[in-house]
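Colleague: See final16.txt below, with compact mmCIF, C-alpha atoms.
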# COMPACT_ATOMS: atom_id res chain seq x y z
CA MET A 1 -34.38 36.48 -6.31
CA ILE A 2 -30.65 35.99 -6.00
CA ASP A 3 -30.99 34.71 -2.43
CA ARG A 4 -33.72 32.33 -3.51
CA ALA A 5 -31.59 31.03 -6.41
CA ASP A 6 -28.66 30.54 -4.05
CA ALA A 7 -30.85 28.61 -1.64
CA VAL A 8 -32.13 26.40 -4.44
CA GLU A 9 -28.59 25.74 -5.62
CA ARG A 10 -27.40 24.89 -2.11
CA GLY A 11 -30.36 22.53 -1.68
CA ARG A 12 -29.55 20.81 -4.95
CA GLN A 13 -25.89 20.39 -3.95
CA ALA A 14 -26.93 19.01 -0.56
CA LYS A 15 -29.24 16.47 -2.20
CA THR A 16 -26.48 15.47 -4.62
CA SER A 17 -24.00 15.00 -1.75
CA ALA A 18 -26.52 13.00 0.28
CA GLY A 19 -27.26 10.80 -2.72
CA GLY A 20 -23.55 10.20 -3.25
CA LEU A 21 -23.07 9.22 0.39
CA ARG A 22 -26.00 6.80 0.21
CA ARG A 23 -24.60 5.18 -2.92
CA ALA A 24 -21.14 4.92 -1.34
CA ALA A 25 -22.60 3.38 1.83
CA GLY A 26 -24.59 0.92 -0.27
CA ALA A 27 -21.50 -0.02 -2.24
CA VAL A 28 -19.52 -0.62 0.97
CA ARG A 29 -22.29 -2.79 2.44
CA ALA A 30 -22.54 -4.81 -0.77
CA PHE A 31 -18.75 -5.22 -0.89
CA LEU A 32 -18.66 -6.52 2.68
CA ALA A 33 -21.67 -8.79 2.14
CA GLU A 34 -20.28 -10.29 -1.07
CA SER A 35 -17.69 -12.41 0.72
CA ARG A 36 -16.60 -13.16 4.25
CA LEU A 37 -13.02 -12.77 3.06
CA ASN A 38 -13.79 -9.17 2.08
CA LEU A 39 -15.10 -8.54 5.58
CA LEU A 40 -12.05 -10.20 7.13
CA GLY A 41 -9.71 -8.13 4.97
CA VAL A 42 -11.43 -4.86 5.88
CA VAL A 43 -11.41 -5.73 9.59
CA LEU A 44 -7.71 -6.66 9.56
CA VAL A 45 -6.66 -3.59 7.58
CA THR A 46 -8.75 -1.27 9.76
CA LEU A 47 -7.26 -2.76 12.92
CA ILE A 48 -3.73 -2.53 11.54
CA LEU A 49 -4.16 1.11 10.52
CA LEU A 50 -5.64 2.03 13.90
CA LEU A 51 -2.76 0.36 15.72
CA ALA A 52 -0.24 2.03 13.39
CA VAL A 53 -1.74 5.47 14.06
CA PHE A 54 -2.60 5.23 17.75
CA GLY A 55 -0.54 2.24 18.95
CA PRO A 56 2.72 4.08 19.66
CA LEU A 57 0.73 6.68 21.62
CA VAL A 58 -0.61 4.08 24.06
CA THR A 59 2.32 1.68 24.30
CA PRO A 60 2.82 0.56 27.89
CA GLN A 61 6.56 1.25 27.70
CA ASN A 62 9.12 3.02 25.57
CA PRO A 63 9.96 0.53 22.78
CA ASP A 64 13.68 1.38 23.06
CA GLN A 65 13.87 1.44 26.87
CA ILE A 66 16.42 -1.05 28.23
CA ASN A 67 15.58 -2.90 31.45
CA LEU A 68 18.34 -5.24 32.53
CA LEU A 69 16.12 -6.59 35.33
CA ALA A 70 13.62 -8.00 32.79
CA ILE A 71 15.86 -9.77 30.31
CA LEU A 72 14.20 -12.53 28.21
CA GLN A 73 11.03 -12.69 30.27
CA GLY A 74 8.16 -14.63 28.73
CA PRO A 75 4.68 -13.23 28.07
CA SER A 76 3.09 -12.00 31.29
CA VAL A 77 0.75 -9.40 32.70
CA HIS A 78 3.54 -6.83 32.75
CA HIS A 79 4.98 -7.74 29.34
CA TRP A 80 2.22 -9.13 27.11
CA PHE A 81 4.63 -10.30 24.39
CA GLY A 82 7.65 -10.85 26.64
CA THR A 83 10.99 -9.04 26.50
CA ASP A 84 14.21 -9.31 24.50
CA ASP A 85 17.83 -9.80 25.53
CA VAL A 86 18.13 -6.28 26.94
CA GLY A 87 14.70 -6.18 28.59
CA ARG A 88 12.84 -4.15 25.95
CA ASP A 89 9.09 -4.75 25.83
CA ILE A 90 8.23 -6.75 22.68
CA PHE A 91 4.59 -5.62 22.65
CA SER A 92 5.64 -1.95 22.56
CA ARG A 93 8.18 -2.68 19.84
CA VAL A 94 5.63 -4.54 17.70
CA LEU A 95 3.25 -1.57 17.90
CA ALA A 96 6.03 0.83 17.00
CA GLY A 97 7.07 -1.47 14.16
CA GLY A 98 3.56 -1.37 12.75
CA ARG A 99 3.78 2.38 12.25
CA ILE A 100 7.21 2.05 10.66
CA SER A 101 5.97 -0.61 8.24
CA ILE A 102 2.90 1.37 7.16
CA GLU A 103 4.89 4.58 6.73
CA VAL A 104 7.54 2.80 4.67
CA ALA A 105 4.91 1.17 2.45
CA ILE A 106 3.22 4.54 1.88
CA VAL A 107 6.49 6.18 0.83
CA ILE A 108 7.49 3.28 -1.44
CA LEU A 109 4.15 3.16 -3.24
CA SER A 110 3.81 6.94 -3.45
CA LEU A 111 7.12 7.14 -5.30
CA SER A 112 6.36 4.12 -7.46
CA VAL A 113 2.80 5.11 -8.38
CA THR A 114 3.69 8.73 -9.14
CA PHE A 115 6.69 7.91 -11.32
CA GLY A 116 5.12 4.85 -12.93
CA THR A 117 1.81 6.59 -13.70
CA ILE A 118 3.51 9.59 -15.31
CA LEU A 119 5.66 7.35 -17.51
CA GLY A 120 2.70 5.08 -18.34
CA ILE A 121 0.50 7.97 -19.47
CA LEU A 122 3.36 9.51 -21.43
CA SER A 123 4.16 6.22 -23.11
CA GLY A 124 0.56 5.44 -24.01
CA LEU A 125 -0.26 8.92 -25.33
CA ALA A 126 2.98 9.71 -27.14
CA GLY A 127 3.49 6.37 -28.87
CA GLY A 128 6.24 5.92 -31.43
CA LEU A 129 9.84 6.30 -30.33
CA VAL A 130 8.93 7.62 -26.86
CA ASP A 131 6.73 4.60 -26.17
CA GLU A 132 9.40 2.22 -27.45
CA LEU A 133 12.12 3.81 -25.32
CA ILE A 134 10.06 3.80 -22.11
CA MET A 135 8.93 0.20 -22.64
CA ARG A 136 12.46 -1.06 -23.28
CA VAL A 137 13.72 0.58 -20.08
CA THR A 138 10.75 -0.89 -18.23
CA ASP A 139 11.49 -4.36 -19.65
CA LEU A 140 15.10 -3.99 -18.54
CA PHE A 141 14.02 -3.54 -14.91
CA LEU A 142 11.40 -6.30 -15.14
CA ALA A 143 14.01 -8.73 -16.49
CA PHE A 144 15.55 -9.02 -13.01
CA PRO A 145 13.81 -10.82 -10.13
CA GLY A 146 12.34 -8.02 -8.05
CA PHE A 147 13.63 -9.01 -4.63
CA ILE A 148 17.13 -9.81 -5.93
CA LEU A 149 17.29 -6.41 -7.63
CA ALA A 150 16.13 -4.64 -4.45
CA ALA A 151 18.70 -6.55 -2.38
CA ALA A 152 21.47 -5.66 -4.84
CA ILE A 153 20.55 -1.95 -4.77
CA SER A 154 20.33 -1.92 -0.97
CA ALA A 155 23.68 -3.68 -0.61
CA THR A 156 25.30 -1.26 -3.07
CA LEU A 157 23.96 1.86 -1.37
CA GLY A 158 24.54 0.51 2.13
CA PRO A 159 22.25 -1.03 4.75
CA SER A 160 19.61 1.43 5.93
CA LEU A 161 15.85 1.82 5.89
CA GLN A 162 16.07 4.83 3.55
CA HIS A 163 18.06 2.86 0.98
CA THR A 164 15.57 0.00 1.26
CA VAL A 165 12.72 2.40 0.45
CA LEU A 166 14.58 3.66 -2.61
CA ALA A 167 15.45 0.13 -3.76
CA LEU A 168 11.87 -1.11 -3.50
CA ALA A 169 10.52 1.99 -5.25
CA VAL A 170 12.85 1.17 -8.14
CA VAL A 171 11.46 -2.37 -8.20
CA PHE A 172 7.78 -1.38 -8.07
CA TRP A 173 7.53 1.49 -10.58
CA PRO A 174 7.87 -0.60 -13.81
CA TRP A 175 4.73 -2.57 -12.95
CA TYR A 176 2.70 0.62 -12.65
CA THR A 177 4.13 1.94 -15.91
CA ARG A 178 3.01 -1.16 -17.77
CA LEU A 179 -0.37 -1.21 -16.04
CA VAL A 180 -1.15 2.44 -16.77
CA ARG A 181 0.17 2.27 -20.34
CA GLY A 182 -2.17 -0.61 -21.11
CA GLN A 183 -5.14 1.36 -19.78
CA VAL A 184 -4.14 4.49 -21.70
CA LEU A 185 -3.81 2.56 -24.97
CA SER A 186 -7.42 1.41 -24.61
CA LEU A 187 -8.68 4.85 -23.51
CA ARG A 188 -6.99 7.06 -26.08
CA GLU A 189 -9.30 5.81 -28.84
CA ARG A 190 -12.47 6.37 -26.81
CA GLU A 191 -14.99 8.96 -27.94
CA PHE A 192 -14.42 11.44 -25.12
CA VAL A 193 -10.67 11.56 -25.80
CA LEU A 194 -11.15 11.93 -29.56
CA ALA A 195 -13.74 14.67 -28.95
CA SER A 196 -11.26 16.53 -26.74
CA ARG A 197 -8.66 16.38 -29.47
CA VAL A 198 -11.15 17.67 -32.04
CA VAL A 199 -11.88 20.78 -29.96
CA GLY A 200 -8.17 21.45 -29.60
CA ALA A 201 -7.43 20.12 -26.11
CA GLY A 202 -3.75 19.60 -25.37
CA THR A 203 -2.10 16.37 -24.30
CA LEU A 204 -1.60 17.59 -20.72
CA TRP A 205 -5.27 18.59 -20.43
CA ILE A 206 -6.44 15.21 -21.73
CA ALA A 207 -4.10 13.37 -19.39
CA THR A 208 -5.17 15.25 -16.27
CA ARG A 209 -8.89 15.58 -17.00
CA HIS A 210 -9.67 12.24 -18.64
CA LEU A 211 -6.94 9.64 -18.33
CA VAL A 212 -5.92 9.99 -14.66
CA ARG A 213 -9.47 9.61 -13.36
CA ASN A 214 -10.05 6.54 -15.55
CA VAL A 215 -6.85 4.72 -14.58
CA LEU A 216 -7.24 5.58 -10.88
CA PRO A 217 -9.55 2.64 -9.99
CA ILE A 218 -7.25 -0.06 -11.38
CA VAL A 219 -4.19 1.65 -9.85
CA THR A 220 -5.98 1.79 -6.48
CA VAL A 221 -6.61 -1.96 -6.61
CA GLN A 222 -2.97 -2.65 -7.45
CA VAL A 223 -1.82 -0.39 -4.61
CA SER A 224 -4.02 -2.24 -2.11
CA LEU A 225 -2.33 -5.49 -3.18
CA ASP A 226 1.18 -4.02 -3.19
CA VAL A 227 1.00 -2.60 0.34
CA GLY A 228 1.35 -6.09 1.77
CA TYR A 229 4.14 -6.97 -0.64
CA ALA A 230 6.01 -3.74 0.17
CA ILE A 231 5.80 -4.42 3.91
CA LEU A 232 6.90 -8.03 3.45
CA ALA A 233 9.81 -7.06 1.18
CA THR A 234 10.94 -4.36 3.62
CA SER A 235 10.92 -6.82 6.50
CA SER A 236 12.72 -9.42 4.40
CA LEU A 237 15.53 -6.99 3.53
CA SER A 238 15.78 -5.97 7.19
CA PHE A 239 15.95 -9.64 8.17
CA LEU A 240 18.91 -10.04 5.80
CA GLY A 241 20.63 -7.05 7.39
CA LEU A 242 20.09 -4.76 4.38
CA GLY A 243 17.21 -2.69 5.74
CA ALA A 244 16.45 -1.21 9.14
CA GLN A 245 19.35 -1.40 11.56
CA PRO A 246 19.35 -1.84 15.38
CA PRO A 247 17.83 -0.49 17.54
CA SER A 248 14.98 0.09 15.05
CA ALA A 249 11.67 -1.56 15.97
CA GLU A 250 10.92 -2.56 12.38
CA TRP A 251 9.44 -6.06 12.33
CA GLY A 252 12.13 -7.66 10.16
CA ALA A 253 14.87 -6.19 12.34
CA ILE A 254 13.17 -7.51 15.50
CA ILE A 255 12.93 -11.00 13.99
CA THR A 256 16.56 -11.07 12.90
CA ASP A 257 17.66 -9.94 16.39
CA GLY A 258 15.67 -12.76 17.99
CA ARG A 259 16.51 -15.64 15.66
CA SER A 260 19.46 -16.72 17.84
CA TYR A 261 17.04 -17.16 20.75
CA ILE A 262 14.27 -18.94 18.88
CA GLN A 263 14.54 -22.07 21.07
CA THR A 264 14.80 -20.32 24.42
CA ALA A 265 12.73 -17.16 23.76
CA TRP A 266 10.19 -18.11 21.09
CA TRP A 267 8.06 -15.02 21.74
CA TRP A 268 10.79 -12.69 20.48
CA THR A 269 10.30 -13.80 16.86
CA ALA A 270 6.78 -15.28 17.05
CA PHE A 271 4.80 -12.10 17.80
CA PRO A 272 6.50 -9.82 15.23
CA GLY A 273 6.17 -12.63 12.68
CA LEU A 274 2.46 -13.02 13.48
CA ALA A 275 1.91 -9.27 13.13
CA LEU A 276 3.68 -9.32 9.77
CA ALA A 277 1.65 -12.30 8.54
CA LEU A 278 -1.70 -10.78 9.57
CA THR A 279 -0.81 -7.46 7.94
CA VAL A 280 0.11 -9.04 4.62
CA LEU A 281 -2.97 -11.28 4.78
CA GLY A 282 -5.28 -8.34 5.46
CA PHE A 283 -4.04 -6.23 2.56
CA ASN A 284 -4.02 -9.20 0.19
CA LEU A 285 -7.63 -10.08 1.05
CA LEU A 286 -8.68 -6.45 0.62
CA GLY A 287 -6.85 -6.16 -2.70
CA ASP A 288 -8.31 -9.39 -4.05
CA GLY A 289 -11.80 -8.29 -3.03
CA LEU A 290 -11.43 -4.87 -4.66
CA ARG A 291 -10.06 -6.41 -7.84
CA ASP A 292 -13.08 -8.71 -8.17
CA TRP A 293 -15.44 -5.90 -7.21
CA ILE A 294 -14.15 -3.49 -9.86
CA ASP A 295 -14.22 -6.21 -12.53
CA PRO A 296 -17.25 -5.21 -14.69
CA ARG A 297 -18.43 -8.80 -15.02
CA VAL A 298 -18.52 -9.28 -11.24
CA ARG A 299 -19.98 -5.84 -10.66
CA GLY A 300 -22.71 -6.46 -13.24
CA SER A 301 -23.73 -9.68 -11.54
CA LEU A 302 -24.35 -7.72 -8.32
CA GLY A 303 -27.19 -5.72 -9.81
CA GLY A 304 -25.32 -2.51 -10.54
CA VAL A 305 -24.93 -1.44 -6.91
CA GLN A 306 -22.03 0.89 -7.78
CA GLU A 307 -23.71 2.72 -10.65
Here is a file; write its structure as structure tokens.
Modeller:
Amino acid sequence: MIDRADAVERGRQAKTSAGGLRRAAGAVRAFLAESRLNLLGVVLVTLILLLAVFGPLVTPQNPDQINLLAILQGPSVHHWFGTDDVGRDIFSRVLAGGRISIEVAIVILSLSVTFGTILGILSGLAGGLVDELIMRVTDLFLAFPGFILAAAISATLGPSLQHTVLALAVVFWPWYTRLVRGQVLSLREREFVLASRVVGAGTLWIATRHLVRNVLPIVTVQVSLDVGYAILATSSLSFLGLGAQPPSAEWGAIITDGRSYIQTAWWWTAFPGLALALTVLGFNLLGDGLRDWIDPRVRGSLGGVQE
């Protein structure tokens, strides 16, 4: 009897998992079919992530290898994107820079989302003086233009990629605190939260079991939008000399190295700039599509595919 009950339970779990996979696949197909821009965003992001993961493993040359016999050569069969002033292969450096940009964006947003979400939940649940204190500190950071604040922090700490990551994390976290706090304020009066309080559930239990899972979708959408902004801001700080330093293959650093040769070696800045533009475009299209998709009004008009 026990074996039969176990088999029935395993069958039920398998059917549940299969049903979940079918619903997820249907949601993905509907998301892609809703707009060509959604499809374009998914294709670009998928390509970028694949190149970031596997690109440095298949680069034709070492991105830091100097070849004085191939200085400032234009695009060719041997050097698809040309070479720089010391003969380094631009194509290999662009691929290596893609991994750097994605890794930096992941670290920046991981720090920002973790810190901002914790403060947002704490602010929304605690209320009173705690909420007021957290919001005033958040407003203080939001009062400064984000990029100017990041540049000031990077310049104060000293030019390096690590300091750029820290500076941008400081710039991004207040937005997540405000976003999560707003969601928590609307959720804390919902029936399931009030019921948990009635049965004696603690604040930590409510936060981890109810609030985190309900704020996760809107945070995910914001993250998908902010990946492009984080990459662009990192490259911008590197371009100004406040981020990655030579001989790093970070896109902004490559562009700033090649700006003196823009008339005689256009490929040096053009291809890293194109890679940066396509990356930001891809994540922005994906984020915009997800934002519209998660919007209940838009989702309802699609016949409840995600239910």
Colleague: Excluding same-chain residues fewer than 5 positions from segment 189-191 of chain A, what lies within 12 Å of it counting all atoms listed in the file, as a PyMOL selection string?
Modeller: chain A and resi 124-125+183-184+196-198+206+210-211+214
Colleague: Go through A:Val86, A:Leu274, A:Leu185, A:Leu285 and flag the residue nearest Ile66 of chain A, using all atoms listed in the file for the distances.
Modeller: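 Closest to Ile66 of chain A, using all atoms listed in the file: A:Val86.
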Colleague: Between A:Gly273, A:Gly128, A:Phe283, A:Leu242, which residue has the minimum interatomic distance to Thr156 of chain A, considering all atoms listed in the file?
Modeller: A:Leu242
Colleague: Nearest to Val45 of chain A: which of A:Ile102, A:Ala195, A:Trp173, A:Arg291 is it, counting only C-alpha atoms?
Modeller: A:Ile102
Colleague: Quick one: of A:Ile231, A:Leu129, A:Val180, A:Val104, who's nearest to Asn284 of chain A, counting all atoms listed in the file?
Modeller: A:Ile231
Colleague: Hey, can you check how far atom CA of Leu95 of chain A sits from atom CA of Thr59 of chain A?
Modeller: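 These atoms are spaced 7.2 Å apart.
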Colleague: For Val171 of chain A, list every protein, DNA or RNA residue within 10 Å, evaluated using all atoms listed in the file, and leave out those in the same chain fewer than 5 positions away; present the list as a list in words.
Modeller: Ile108, Ser112, Phe141, Leu142, Phe144, Pro145, Gly146, Phe147, Ile148, Leu149, Ala150, Ile153, Val165 and Leu166 of chain A
Colleague: Find the distance between atom CA of Pro246 of chain A and atom CA of Ala230 of chain A and write it in Å to one decimal.
Modeller: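 That distance, rounded to one decimal, is 20.3 Å.
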Colleague: When distances are computed from all atoms listed in the file, which of A:Pro159, A:Gly282, A:Pro217, A:Pro63 shows the smallest separation from Gly87 of chain A?
Modeller: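 Closest residue, counting all atoms listed in the file: A:Pro63.
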Colleague: What's the separation between atom CA of Gly74 of chain A and atom CA of Ile90 of chain A, in Å to one decimal place?
Modeller: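 Computed distance, atom CA of Gly74 of chain A to atom CA of Ile90 of chain A, equals 9.9 Å.
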Colleague: Just the residues within 9 Å of Tyr229 of chain A, please, counting only C-alpha atoms, with nothing from its chain fewer than 2 positions along; format it as a list in words.
Modeller: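 Listing them by chain and then by number gives Ala105, Leu225, Asp226, Val227, Ile231, Leu232, Ala233, Thr234, Val280, Phe283 and Asn284 of chain A.
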